[in-house]
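Colleague: upload_18.pdb is reproduced below (PDB, C-alpha atoms).
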ATOM      1  CA  MET Y 282     155.380 148.155 141.968
ATOM      2  CA  GLU Y 283     155.579 147.891 145.742
ATOM      3  CA  VAL Y 284     152.187 147.642 147.455
ATOM      4  CA  ASN Y 285     150.910 147.046 150.951
ATOM      5  CA  GLN Y 286     150.328 143.335 151.666
ATOM      6  CA  ARG Y 287     146.532 143.818 151.994
ATOM      7  CA  VAL Y 288     146.379 145.569 148.607
ATOM      8  CA  LYS Y 289     148.147 142.790 146.626
ATOM      9  CA  LYS Y 290     145.006 140.905 145.668
ATOM     10  CA  ILE Y 291     143.534 143.962 143.912
ATOM     11  CA  GLN Y 292     146.711 145.789 142.887
ATOM     12  CA  TRP Y 293     145.693 145.355 139.223
ATOM     13  CA  ILE Y 294     143.202 148.205 139.757
ATOM     14  CA  ILE Y 295     145.914 150.779 140.523
ATOM     15  CA  GLY Y 296     146.381 153.196 137.641
ATOM     16  CA  ARG Y 297     144.544 155.646 135.408
ATOM     17  CA  TRP Y 298     141.659 154.277 133.332
ATOM     18  CA  THR Y 299     139.876 156.255 130.618
ATOM     19  CA  GLY Y 300     137.052 155.491 128.241
ATOM     20  CA  ASP Y 301     133.468 156.155 127.277
ATOM     21  CA  GLY Y 302     130.358 155.364 129.258
ATOM     22  CA  GLU Y 303     126.608 155.479 128.907
ATOM     23  CA  ALA Y 304     124.117 156.512 131.577
ATOM     24  CA  VAL Y 305     120.642 154.993 131.605
ATOM     25  CA  PHE Y 306     117.860 155.105 134.184
ATOM     26  CA  PRO Y 307     114.056 154.933 133.973
ATOM     27  CA  THR Y 308     113.660 158.613 134.934
ATOM     28  CA  MET Y 309     116.063 160.065 132.341
ATOM     29  CA  SER Y 310     117.024 159.960 128.683
ATOM     30  CA  PRO Y 311     120.180 157.892 128.021
ATOM     31  CA  PHE Y 312     123.376 159.796 127.253
ATOM     32  CA  SER Y 313     127.040 159.013 126.670
ATOM     33  CA  PHE Y 314     130.051 160.627 128.309
ATOM     34  CA  GLY Y 315     133.826 160.479 128.618
ATOM     35  CA  MET Y 316     135.257 159.119 131.857
ATOM     36  CA  GLU Y 317     138.478 158.879 133.822
ATOM     37  CA  ILE Y 318     138.939 156.751 136.931
ATOM     38  CA  THR Y 319     142.206 156.885 138.860
ATOM     39  CA  PHE Y 320     143.311 154.583 141.669
ATOM     40  CA  SER Y 321     146.543 155.382 143.509
ATOM     41  CA  HIS Y 322     148.312 153.793 146.459
ATOM     42  CA  HIS Y 323     151.185 154.331 148.855
ATOM     43  CA  PRO Y 324     152.629 151.072 150.238
ATOM     44  CA  ALA Y 325     152.715 152.399 153.809
ATOM     45  CA  LYS Y 326     148.921 152.043 154.140
ATOM     46  CA  PRO Y 327     146.356 149.413 153.046
ATOM     47  CA  ILE Y 328     144.340 152.134 151.316
ATOM     48  CA  ILE Y 329     143.717 152.956 147.659
ATOM     49  CA  THR Y 330     142.729 156.519 146.771
ATOM     50  CA  TYR Y 331     139.952 156.825 144.189
ATOM     51  CA  SER Y 332     138.995 159.655 141.827
ATOM     52  CA  HIS Y 333     136.298 159.541 139.151
ATOM     53  CA  ARG Y 334     135.337 162.302 136.734
ATOM     54  CA  THR Y 335     133.127 162.473 133.673
ATOM     55  CA  TRP Y 336     132.627 165.007 130.896
ATOM     56  CA  ASN Y 337     130.383 165.753 127.944
ATOM     57  CA  LYS Y 338     132.086 164.187 124.923
ATOM     58  CA  ASP Y 339     131.019 167.008 122.591
ATOM     59  CA  THR Y 340     131.676 170.093 124.726
ATOM     60  CA  LYS Y 341     134.285 168.598 127.118
ATOM     61  CA  MET Y 342     132.401 170.291 129.995
ATOM     62  CA  PRO Y 343     132.586 168.485 133.369
ATOM     63  CA  MET Y 344     129.494 166.447 134.265
ATOM     64  CA  HIS Y 345     130.133 164.458 137.445
ATOM     65  CA  GLY Y 346     132.894 163.834 139.927
ATOM     66  CA  GLU Y 347     133.512 161.789 143.013
ATOM     67  CA  THR Y 348     136.424 160.897 145.184
ATOM     68  CA  GLY Y 349     137.135 158.510 148.008
ATOM     69  CA  TYR Y 350     139.029 155.510 149.276
ATOM     70  CA  ILE Y 351     139.086 151.745 149.156
ATOM     71  CA  ARG Y 352     140.114 150.407 152.528
ATOM     72  CA  CYS Y 353     141.676 146.954 152.237
ATOM     73  CA  LEU Y 354     140.801 145.330 155.555
ATOM     74  CA  SER Y 355     141.878 141.780 154.697
ATOM     75  CA  ASP Y 356     142.359 139.543 151.650
ATOM     76  CA  ASP Y 357     138.617 139.300 151.144
ATOM     77  CA  LYS Y 358     137.064 142.307 152.907
ATOM     78  CA  PHE Y 359     137.056 145.839 151.552
ATOM     79  CA  GLU Y 360     135.293 149.116 152.321
ATOM     80  CA  TYR Y 361     134.557 151.846 149.808
ATOM     81  CA  LEU Y 362     134.029 155.409 150.991
ATOM     82  CA  THR Y 363     133.018 158.048 148.464
ATOM     83  CA  VAL Y 364     131.744 161.610 148.212
ATOM     84  CA  GLN Y 365     130.047 162.870 145.051
ATOM     85  CA  VAL Y 366     129.772 166.462 143.806
ATOM     86  CA  THR Y 367     125.989 165.942 143.856
ATOM     87  CA  GLY Y 368     126.076 166.036 147.667
ATOM     88  CA  ILE Y 369     125.841 162.282 148.244
ATOM     89  CA  SER Y 370     128.275 160.208 150.273
ATOM     90  CA  ASP Y 371     128.199 156.484 150.852
ATOM     91  CA  ILE Y 372     130.044 153.779 152.701
ATOM     92  CA  SER Y 373     129.943 150.375 151.050
ATOM     93  CA  VAL Y 374     131.191 146.922 151.942
ATOM     94  CA  GLY Y 375     132.965 144.949 149.258
ATOM     95  CA  SER Y 376     134.514 141.702 148.211
ATOM     96  CA  PHE Y 377     136.830 140.460 145.494
ATOM     97  CA  ASP Y 378     136.018 137.437 143.336
ATOM     98  CA  PRO Y 379     139.335 136.138 141.954
ATOM     99  CA  SER Y 380     137.626 133.786 139.482
ATOM    100  CA  SER Y 381     136.023 136.724 137.637
ATOM    101  CA  CYS Y 382     138.604 139.333 138.741
ATOM    102  CA  CYS Y 383     135.750 141.532 139.991
ATOM    103  CA  LEU Y 384     135.767 143.899 142.958
ATOM    104  CA  SER Y 385     132.163 144.606 144.025
ATOM    105  CA  PHE Y 386     130.679 146.976 146.593
ATOM    106  CA  SER Y 387     127.174 147.192 147.995
ATOM    107  CA  SER Y 388     126.054 150.245 149.931
ATOM    108  CA  SER Y 389     125.078 149.740 153.497
ATOM    109  CA  THR Y 390     122.548 151.996 155.135
ATOM    110  CA  GLU Y 391     125.230 154.672 155.123
ATOM    111  CA  ILE Y 392     124.101 156.795 152.163
ATOM    112  CA  GLN Y 393     123.980 160.404 153.254
ATOM    113  CA  ARG Y 394     123.097 163.579 151.414
ATOM    114  CA  VAL Y 395     123.388 167.276 152.010
ATOM    115  CA  THR Y 396     120.126 169.192 152.323
ATOM    116  CA  SER Y 397     120.730 170.920 148.966
ATOM    117  CA  ALA Y 398     121.091 167.632 147.017
ATOM    118  CA  LYS Y 399     118.529 167.278 144.237
ATOM    119  CA  PRO Y 400     115.800 164.673 144.586
ATOM    120  CA  PRO Y 401     115.195 161.817 144.294
ATOM    121  CA  LYS Y 402     117.004 160.420 147.311
ATOM    122  CA  VAL Y 403     119.438 157.605 146.471
ATOM    123  CA  GLU Y 404     118.741 154.631 148.747
ATOM    124  CA  GLN Y 405     120.995 151.849 147.387
ATOM    125  CA  ILE Y 406     124.157 151.695 145.304
ATOM    126  CA  ILE Y 407     126.021 148.684 143.923
ATOM    127  CA  ARG Y 408     129.316 149.181 142.067
ATOM    128  CA  SER Y 409     131.696 146.777 140.422
ATOM    129  CA  PHE Y 410     135.173 147.118 138.954
ATOM    130  CA  LYS Y 411     136.157 144.212 136.750
ATOM    131  CA  SER Y 412     139.438 143.422 135.034
ATOM    132  CA  ILE Y 413     138.989 142.457 131.385
ATOM    133  CA  ASN Y 414     141.589 141.131 128.943
ATOM    134  CA  SER Y 415     144.388 140.433 131.458
ATOM    135  CA  ASN Y 416     144.079 143.797 133.235
ATOM    136  CA  SER Y 417     144.208 145.922 130.073
ATOM    137  CA  ILE Y 418     140.566 147.077 130.398
ATOM    138  CA  LEU Y 419     138.612 148.181 133.475
ATOM    139  CA  GLU Y 420     134.865 147.578 133.277
ATOM    140  CA  TYR Y 421     132.911 149.824 135.652
ATOM    141  CA  SER Y 422     129.252 149.247 136.430
ATOM    142  CA  MET Y 423     126.888 150.996 138.839
ATOM    143  CA  SER Y 424     123.294 150.245 139.759
ATOM    144  CA  MET Y 425     121.164 152.259 142.129
ATOM    145  CA  GLY Y 426     117.778 152.460 143.734
ATOM    146  CA  THR Y 427     116.084 155.748 144.600
ATOM    147  CA  GLU Y 428     112.959 156.758 146.460
ATOM    148  CA  ASN Y 429     111.199 156.941 143.052
ATOM    149  CA  THR Y 430     112.794 153.791 141.570
ATOM    150  CA  PRO Y 431     113.347 151.568 144.619
ATOM    151  CA  THR Y 432     114.412 148.453 142.692
ATOM    152  CA  LEU Y 433     118.141 148.335 142.008
ATOM    153  CA  THR Y 434     118.451 149.427 138.385
ATOM    154  CA  HIS Y 435     121.490 149.637 136.103
ATOM    155  CA  HIS Y 436     122.658 153.259 135.751
ATOM    156  CA  LEU Y 437     126.277 153.325 134.484
TER
END
The structure given in the file should be rewritten as structure tokens.

Modeller:
Amino acid sequence: MEVNQRVKKIQWIIGRWTGDGEAVFPTMSPFSFGMEITFSHHPAKPIITYSHRTWNKDTKMPMHGETGYIRCLSDDKFEYLTVQVTGISDISVGSFDPSSCCLSFSSSTEIQRVTSAKPPKVEQIIRSFKSINSNSILEYSMSMGTENTPTLTHHL
């Protein structure tokens, strides 16, 4: 697969990943869901397009969705821009650790929300995408802090 030079280090992430997930947070009951994450790329730009959707495993009804971009600024600097159907958008700064094959992003102060977004206000987000078993499995993890739970806490 041909990729932009700045994408090469993380080109393993390009593709369609599906699986099951579990959501946990102190203010809610845990639940499981089905999930699909897709990363696509055109070699003309150092950008990866991102799409993430989840559904209820029993009813197949949609639950959450978000879309955005990973901007590959250099071999070791990345930006992650995303918009969620919940009315939240964030801009995060990231890095890639080749020893653990993990791409991690930490939100800056750029978490915005529309006025109709449900409380509580999200104040911090940390995400990681990790290659497991020689790129055959994508492990996704997300922690967040809100105005009610300010300490970063594992969510997905």

Colleague: Taking the file as I've supplied it (selection: the PyMOL selection byres ((chain Y and resi 328-330) around 12)), which residues are included? Please answer as a PDB file with C-alpha atoms, in the coordinates of the input.

Modeller:
ATOM      1  CA  VAL Y 284     152.187 147.642 147.455  1.00  0.00           C
ATOM      2  CA  ASN Y 285     150.910 147.046 150.951  1.00  0.00           C
ATOM      3  CA  GLN Y 286     150.328 143.335 151.666  1.00  0.00           C
ATOM      4  CA  ARG Y 287     146.532 143.818 151.994  1.00  0.00           C
ATOM      5  CA  VAL Y 288     146.379 145.569 148.607  1.00  0.00           C
ATOM      6  CA  LYS Y 289     148.147 142.790 146.626  1.00  0.00           C
ATOM      7  CA  ILE Y 291     143.534 143.962 143.912  1.00  0.00           C
ATOM      8  CA  GLN Y 292     146.711 145.789 142.887  1.00  0.00           C
ATOM      9  CA  TRP Y 293     145.693 145.355 139.223  1.00  0.00           C
ATOM     10  CA  ILE Y 294     143.202 148.205 139.757  1.00  0.00           C
ATOM     11  CA  ILE Y 295     145.914 150.779 140.523  1.00  0.00           C
ATOM     12  CA  GLY Y 296     146.381 153.196 137.641  1.00  0.00           C
ATOM     13  CA  ARG Y 297     144.544 155.646 135.408  1.00  0.00           C
ATOM     14  CA  ILE Y 318     138.939 156.751 136.931  1.00  0.00           C
ATOM     15  CA  THR Y 319     142.206 156.885 138.860  1.00  0.00           C
ATOM     16  CA  PHE Y 320     143.311 154.583 141.669  1.00  0.00           C
ATOM     17  CA  SER Y 321     146.543 155.382 143.509  1.00  0.00           C
ATOM     18  CA  HIS Y 322     148.312 153.793 146.459  1.00  0.00           C
ATOM     19  CA  HIS Y 323     151.185 154.331 148.855  1.00  0.00           C
ATOM     20  CA  PRO Y 324     152.629 151.072 150.238  1.00  0.00           C
ATOM     21  CA  ALA Y 325     152.715 152.399 153.809  1.00  0.00           C
ATOM     22  CA  LYS Y 326     148.921 152.043 154.140  1.00  0.00           C
ATOM     23  CA  PRO Y 327     146.356 149.413 153.046  1.00  0.00           C
ATOM     24  CA  TYR Y 331     139.952 156.825 144.189  1.00  0.00           C
ATOM     25  CA  SER Y 332     138.995 159.655 141.827  1.00  0.00           C
ATOM     26  CA  HIS Y 333     136.298 159.541 139.151  1.00  0.00           C
ATOM     27  CA  GLU Y 347     133.512 161.789 143.013  1.00  0.00           C
ATOM     28  CA  THR Y 348     136.424 160.897 145.184  1.00  0.00           C
ATOM     29  CA  GLY Y 349     137.135 158.510 148.008  1.00  0.00           C
ATOM     30  CA  TYR Y 350     139.029 155.510 149.276  1.00  0.00           C
ATOM     31  CA  ILE Y 351     139.086 151.745 149.156  1.00  0.00           C
ATOM     32  CA  ARG Y 352     140.114 150.407 152.528  1.00  0.00           C
ATOM     33  CA  CYS Y 353     141.676 146.954 152.237  1.00  0.00           C
ATOM     34  CA  LEU Y 354     140.801 145.330 155.555  1.00  0.00           C
ATOM     35  CA  SER Y 355     141.878 141.780 154.697  1.00  0.00           C
ATOM     36  CA  PHE Y 359     137.056 145.839 151.552  1.00  0.00           C
ATOM     37  CA  GLU Y 360     135.293 149.116 152.321  1.00  0.00           C
ATOM     38  CA  TYR Y 361     134.557 151.846 149.808  1.00  0.00           C
ATOM     39  CA  LEU Y 362     134.029 155.409 150.991  1.00  0.00           C
ATOM     40  CA  THR Y 363     133.018 158.048 148.464  1.00  0.00           C
TER      41      THR Y 363
END

Colleague: Counting only C-alpha atoms, which of Y:Val366, Y:Pro307, Y:Trp298, Y:Phe377 gets nearest to Thr434 (chain Y)?

Modeller: Y:Pro307

Colleague: Please, what distance in Å, to one decimal, runs between CA of Phe312 (chain Y) and CA of Thr335 (chain Y)?

Modeller: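 CA of Phe312 (chain Y) sits 12.0 Å away from CA of Thr335 (chain Y).
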
Colleague: Nearest to Tyr421 (chain Y): which of Y:Gly375, Y:Glu404, Y:Leu437, Y:Arg394 is it, counting all atoms listed in the file?

Modeller: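 Counting all atoms listed in the file, the residue closest to Tyr421 (chain Y) is Y:Leu437.
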
Colleague: Mind giving me the straight-line distance from CA of Glu391 (chain Y) to CA of Ser370 (chain Y) in Å, one decimal?

Modeller: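 These two atoms are separated by 8.0 Å.
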
Colleague: Output the residue selection produced by the PyMOL selection byres ((chain Y and resi 408) around 7) on the file above, formatted as a ChimeraX atom specification.

Modeller: /Y:385-387,406-407,409-410,422-424

Colleague: Between CA of Val403 (chain Y) and CA of Ile418 (chain Y), measure the distance and give it in Å to one decimal.

Modeller: 28.6 Å

Colleague: Could you tell me which of Y:Gln405, Y:Ser412, Y:Ser313, Y:Ser417 comes closest to Thr432 (chain Y) if we count all atoms listed in the file?

Modeller: Y:Gln405

Colleague: Closest to Arg334 (chain Y) among Y:Gln365, Y:Glu420, Y:Pro311, Y:Pro400, using all atoms listed in the file?

Modeller: Y:Gln365

Colleague: Excluding same-chain residues fewer than 4 positions from Ala398 (chain Y), what lies within 10 Å of it counting only C-alpha atoms, as a ChimeraX atom specification?

Modeller: /Y:366-369,393-394,402
